[in-house]
file final_0.txt (compact mmCIF, C-alpha atoms)
# COMPACT_ATOMS: atom_id res chain seq x y z
CA MET A 1 -9.88 -3.06 -35.20
CA ASN A 2 -6.45 -4.02 -33.93
CA LEU A 3 -6.64 -4.76 -30.20
CA ALA A 4 -3.09 -6.04 -29.93
CA ARG A 5 -1.52 -2.56 -30.17
CA PRO A 6 -3.29 -1.09 -27.08
CA PHE A 7 -2.33 -4.23 -25.20
CA PHE A 8 1.37 -3.74 -25.97
CA VAL A 9 1.21 -0.09 -24.93
CA LEU A 10 -0.41 -1.05 -21.63
CA ALA A 11 2.04 -3.91 -21.15
CA ALA A 12 4.89 -1.42 -21.51
CA ALA A 13 3.23 0.84 -18.94
CA PHE A 14 3.00 -2.07 -16.53
CA ALA A 15 6.65 -2.92 -17.16
CA VAL A 16 7.64 0.62 -16.17
CA SER A 17 5.39 0.37 -13.12
CA ALA A 18 7.02 -2.93 -12.16
CA THR A 19 10.46 -1.36 -12.47
CA LEU A 20 9.42 1.49 -10.20
CA SER A 21 7.86 -0.88 -7.69
CA ALA A 22 11.17 -2.78 -7.50
CA HIS A 23 12.32 0.09 -5.28
CA ALA A 24 9.23 -0.17 -3.08
CA LEU A 25 9.34 -0.55 0.66
CA THR A 26 9.37 -3.92 2.31
CA LEU A 27 6.97 -4.50 5.19
CA PRO A 28 9.74 -4.33 7.84
CA GLU A 29 10.96 -1.03 6.33
CA ALA A 30 7.44 0.37 6.38
CA LEU A 31 6.85 -0.77 9.94
CA GLY A 32 10.14 0.86 10.91
CA SER A 33 8.47 4.20 10.28
CA VAL A 34 5.79 3.63 12.92
CA SER A 35 7.60 5.91 15.37
CA THR A 36 7.29 8.83 12.92
CA ARG A 37 3.48 8.68 12.72
CA SER A 38 1.85 11.73 14.28
CA SER A 39 -0.31 9.70 16.68
CA VAL A 40 2.78 7.89 17.98
CA VAL A 41 4.78 11.11 18.26
CA ASN A 42 1.93 12.71 20.23
CA ALA A 43 1.65 9.67 22.52
CA GLU A 44 5.41 9.74 23.13
CA ALA A 45 5.17 13.42 24.06
CA GLU A 46 2.34 12.62 26.51
CA LEU A 47 4.47 9.85 28.03
CA GLN A 48 7.38 12.22 28.44
CA ASN A 49 5.11 14.79 30.10
CA ALA A 50 3.73 12.13 32.45
CA GLN A 51 7.25 11.00 33.38
CA THR A 52 8.31 14.58 34.03
CA ASN A 53 5.20 15.20 36.13
CA LEU A 54 5.78 12.05 38.18
CA GLY A 55 9.40 13.05 38.85
CA ARG A 56 8.25 16.51 39.92
CA VAL A 57 5.61 15.09 42.27
CA GLU A 58 8.08 12.61 43.76
CA ARG A 59 10.55 15.43 44.52
CA ASP A 60 7.87 17.71 46.00
CA PRO A 61 8.03 17.45 49.80
CA LEU A 62 4.54 18.96 50.12
CA ALA A 63 2.86 16.49 47.72
CA VAL A 64 0.19 14.30 49.24
CA ARG A 65 -0.25 10.62 48.52
CA SER A 66 -3.18 11.25 46.13
CA ASP A 67 -0.97 13.49 43.96
CA LEU A 68 1.58 10.71 43.66
CA VAL A 69 -1.09 8.11 42.80
CA GLN A 70 -2.55 10.44 40.19
CA ALA A 71 0.86 11.00 38.59
CA GLU A 72 1.56 7.24 38.54
CA GLN A 73 -1.84 6.56 36.95
CA ARG A 74 -1.25 9.28 34.37
CA LEU A 75 2.09 7.64 33.52
CA ALA A 76 0.45 4.20 33.17
CA LEU A 77 -2.25 5.71 30.94
CA ALA A 78 0.36 7.43 28.77
CA GLU A 79 2.31 4.17 28.39
CA SER A 80 -0.89 2.37 27.38
CA SER A 81 -1.81 5.13 24.93
CA LEU A 82 1.63 4.93 23.32
CA GLU A 83 1.32 1.17 22.90
CA GLN A 84 -2.15 1.58 21.40
CA ALA A 85 -0.91 4.27 18.99
CA ARG A 86 1.95 2.04 17.85
CA TYR A 87 -0.38 -0.90 17.23
CA ALA A 88 -2.82 1.31 15.32
CA ALA A 89 -0.02 2.67 13.13
CA GLN A 90 1.28 -0.86 12.49
CA ARG A 91 -2.22 -2.02 11.55
CA GLU A 92 -2.68 0.93 9.20
CA LEU A 93 0.66 0.38 7.46
CA THR A 94 0.13 -3.39 7.23
CA THR A 95 -3.32 -2.88 5.71
CA ALA A 96 -1.88 -0.48 3.14
CA TYR A 97 0.98 -2.87 2.38
CA THR A 98 -1.32 -5.83 1.80
CA GLY A 99 -3.55 -3.62 -0.35
CA VAL A 100 -0.58 -2.78 -2.56
CA LEU A 101 0.35 -6.47 -2.81
CA GLN A 102 -3.22 -7.35 -3.73
CA ALA A 103 -3.39 -4.63 -6.40
CA ASN A 104 -0.08 -5.83 -7.87
CA ALA A 105 -1.34 -9.40 -7.97
CA GLN A 106 -4.57 -8.32 -9.67
CA ALA A 107 -2.62 -6.32 -12.25
CA GLU A 108 -0.40 -9.31 -12.98
CA LEU A 109 -3.45 -11.54 -13.33
CA ALA A 110 -5.02 -9.06 -15.77
CA GLU A 111 -1.81 -9.03 -17.82
CA ARG A 112 -1.71 -12.81 -17.93
CA SER A 113 -5.36 -12.96 -18.93
CA ALA A 114 -4.76 -10.56 -21.83
CA SER A 115 -1.69 -12.52 -22.92
CA LEU A 116 -3.63 -15.77 -22.87
CA SER A 117 -6.44 -14.15 -24.86
CA ARG A 118 -3.95 -12.94 -27.45
CA ARG A 119 -2.59 -16.49 -27.82
CA SER A 120 -6.13 -17.82 -28.10
CA LEU A 121 -6.81 -15.37 -30.94
CA ARG A 122 -3.68 -16.55 -32.78
CA VAL A 123 -4.74 -20.18 -32.36
CA ALA A 124 -8.26 -19.42 -33.58
CA THR A 125 -6.87 -17.57 -36.60
CA ILE A 126 -4.60 -20.48 -37.51
CA ARG A 127 -7.44 -22.96 -37.01
CA LEU A 128 -9.72 -20.87 -39.23
CA GLU A 129 -7.06 -20.74 -41.95
CA ASN A 130 -6.72 -24.53 -41.74
CA GLY A 131 -10.48 -25.01 -41.88
CA SER A 132 -10.85 -26.51 -38.41
CA ALA A 133 -12.56 -23.47 -36.82
CA THR A 134 -15.46 -21.20 -37.65
CA GLN A 135 -15.85 -17.44 -37.77
CA LEU A 136 -17.68 -17.77 -34.46
CA ASP A 137 -14.54 -19.25 -32.86
CA LEU A 138 -12.53 -16.32 -34.21
CA GLN A 139 -15.06 -13.76 -32.94
CA ASP A 140 -15.10 -15.48 -29.57
CA ALA A 141 -11.30 -15.21 -29.39
CA ARG A 142 -11.45 -11.52 -30.38
CA ALA A 143 -14.03 -10.88 -27.67
CA GLY A 144 -11.76 -12.62 -25.17
CA LEU A 145 -8.86 -10.41 -26.20
CA ALA A 146 -11.01 -7.29 -25.95
CA HIS A 147 -12.04 -8.35 -22.45
CA GLY A 148 -8.39 -8.96 -21.49
CA VAL A 149 -7.35 -5.56 -22.79
CA LEU A 150 -10.20 -3.93 -20.87
CA LEU A 151 -9.05 -5.67 -17.69
CA VAL A 152 -5.53 -4.32 -18.17
CA ARG A 153 -6.85 -0.83 -18.94
CA GLY A 154 -9.10 -0.97 -15.89
CA MET A 155 -6.20 -1.93 -13.64
CA ALA A 156 -4.05 0.85 -15.13
CA ALA A 157 -6.85 3.40 -14.70
CA ARG A 158 -7.45 2.40 -11.07
CA THR A 159 -3.75 2.47 -10.31
CA HIS A 160 -3.25 5.93 -11.79
CA ALA A 161 -6.55 7.39 -10.56
CA ARG A 162 -5.46 6.88 -6.98
CA ASP A 163 -2.13 7.58 -5.41
CA PRO A 164 0.30 5.29 -7.28
CA CYS A 165 1.94 4.21 -4.04
CA PRO A 166 -0.47 4.38 -1.07
CA LEU A 167 2.03 2.80 1.29
CA ALA A 168 4.66 5.43 0.60
CA TYR A 169 1.95 8.09 0.93
CA LEU A 170 0.96 6.82 4.40
CA VAL A 171 4.54 6.80 5.59
CA GLU A 172 5.26 10.14 3.92
CA GLN A 173 2.40 11.80 5.83
CA ALA A 174 4.21 11.17 9.08
CA LEU A 175 7.48 12.71 7.94
CA PRO A 176 8.30 16.38 7.62
CA PRO A 177 8.68 17.42 3.95
CA SER A 178 12.39 18.13 4.33
CA GLY A 179 13.01 14.76 6.01
CA THR A 180 11.40 12.61 3.33
CA PRO A 181 13.91 9.98 2.16
CA SER A 182 14.36 9.55 -1.59
CA PHE A 183 12.78 6.09 -1.66
CA PHE A 184 9.41 7.66 -0.74
CA SER A 185 9.41 9.94 -3.76
CA ARG A 186 6.99 9.13 -6.53
call {"tool": "encode", "arguments": {"input": "final_0.txt", "output": "structure tokens"}}
result
Amino acid sequence: MNLARPFFVLAAAFAVSATLSAHALTLPEALGSVSTRSSVVNAEAELQNAQTNLGRVERDPLAVRSDLVQAEQRLALAESSLEQARYAAQRELTTAYTGVLQANAQAELAERSASLSRRSLRVATIRLENGSATQLDLQDARAGLAHGVLLVRGMAARTHARDPCPLAYLVEQALPPSGTPSFFSR
């Protein structure tokens, strides 16, 4: 059973994935899209309504003091809600961004593990040919390579089973389909 061939196929797949991720968003770019999130857009609309209502109440000569206080409180609440919506969107995008970074690091670690296992198999084979290793050493190296290949396959399966770019997906949800910039496309 030749385990090196599936490893090279998966390594090529990761190389393509790495090339595609070179065009990924940076954290500041992702956070720049906070204002397009639906919760933030809704909070901004509420703030605008509260500002309009306060202006209307201030211009109304028949308005009583309680109406003015209510309008001011509604404005303060809308400002607070907008700030909360922005922070929630930033937290959501930052969590997704760090998740992508973690998944990329795990995939790279799996690739390195498989590469090291492949080298270990070559060393064990050479040592066996020279008489300084046993069949058990060779089998152990093969098992290590099989484990490394399974790690790489597992990372590839998890990456492709889910959305390949969850950060872009989160940002894309907040944008209208016609306004989606090309760097969000998959």
call {"tool": "atom_distance", "arguments": {"input": "final_0.txt", "atom1": "CA of Ser81 in chain A", "atom2": "CA of Ala45 in chain A"}}
result
10.9 Å
call {"tool": "closest_residue", "arguments": {"input": "final_0.txt", "among": "A:Tyr97, A:Arg91, A:Glu44, A:Arg59", "to": "Leu75 in chain A", "atoms": "only C-alpha atoms"}}
result
A:Glu44
call {"tool": "residues_around", "arguments": {"input": "final_0.txt", "residues": "range 141-143 of chain A", "least_positions_apart": "6", "cutoff": "8 Å", "atoms": "only C-alpha atoms", "output": "list in words"}}
result
Ser117, Arg118, Ser120, Leu121 and Ala124 of chain A
call {"tool": "closest_residue", "arguments": {"input": "final_0.txt", "among": "A:Ala146, A:Val57, A:Ala156, A:Leu109", "to": "Val69 in chain A", "atoms": "all atoms listed in the file"}}
result
A:Val57
call {"tool": "residues_around", "arguments": {"input": "final_0.txt", "residues": "range 148-150 of chain A", "least_positions_apart": "5", "cutoff": "7 Å", "atoms": "only C-alpha atoms", "output": "list in words"}}
result
Phe7, Ala110, Ser113, Ala114 and Ser117 of chain A
call {"tool": "atom_distance", "arguments": {"input": "final_0.txt", "atom1": "CA of Arg74 in chain A", "atom2": "CA of Asn42 in chain A"}}
result
14.9 Å
call {"tool": "closest_residue", "arguments": {"input": "final_0.txt", "among": "A:Val152, A:Ala50, A:Val100, A:Ala43", "to": "Leu82 in chain A", "atoms": "all atoms listed in the file"}}
result
A:Ala43
call {"tool": "atom_distance", "arguments": {"input": "final_0.txt", "atom1": "CA of Arg86 in chain A", "atom2": "CA of Leu25 in chain A"}}
result
18.9 Å
call {"tool": "closest_residue", "arguments": {"input": "final_0.txt", "among": "A:Leu93, A:Leu138, A:Ala76, A:Leu116", "to": "Gln51 in chain A", "atoms": "all atoms listed in the file"}}
result
A:Ala76
call {"tool": "closest_residue", "arguments": {"input": "final_0.txt", "among": "A:Ser33, A:Ser39, A:Thr26, A:Ser132", "to": "Gln84 in chain A", "atoms": "all atoms listed in the file"}}
result
A:Ser39
call {"tool": "closest_residue", "arguments": {"input": "final_0.txt", "among": "A:Gln73, A:Thr94, A:Thr52, A:Gln135", "to": "Glu29 in chain A", "atoms": "only C-alpha atoms"}}
result
A:Thr94
call {"tool": "axis_aligned_box", "arguments": {"input": "final_0.txt", "around": "range 131-138 of chain A", "padding_each_side": "3 Å", "output": "lines of an AutoDock Vina configuration file"}}
result
center_x = -14.1
center_y = -21.4
center_z = -37.4
size_x = 13.2
size_y = 16.2
size_z = 15.0
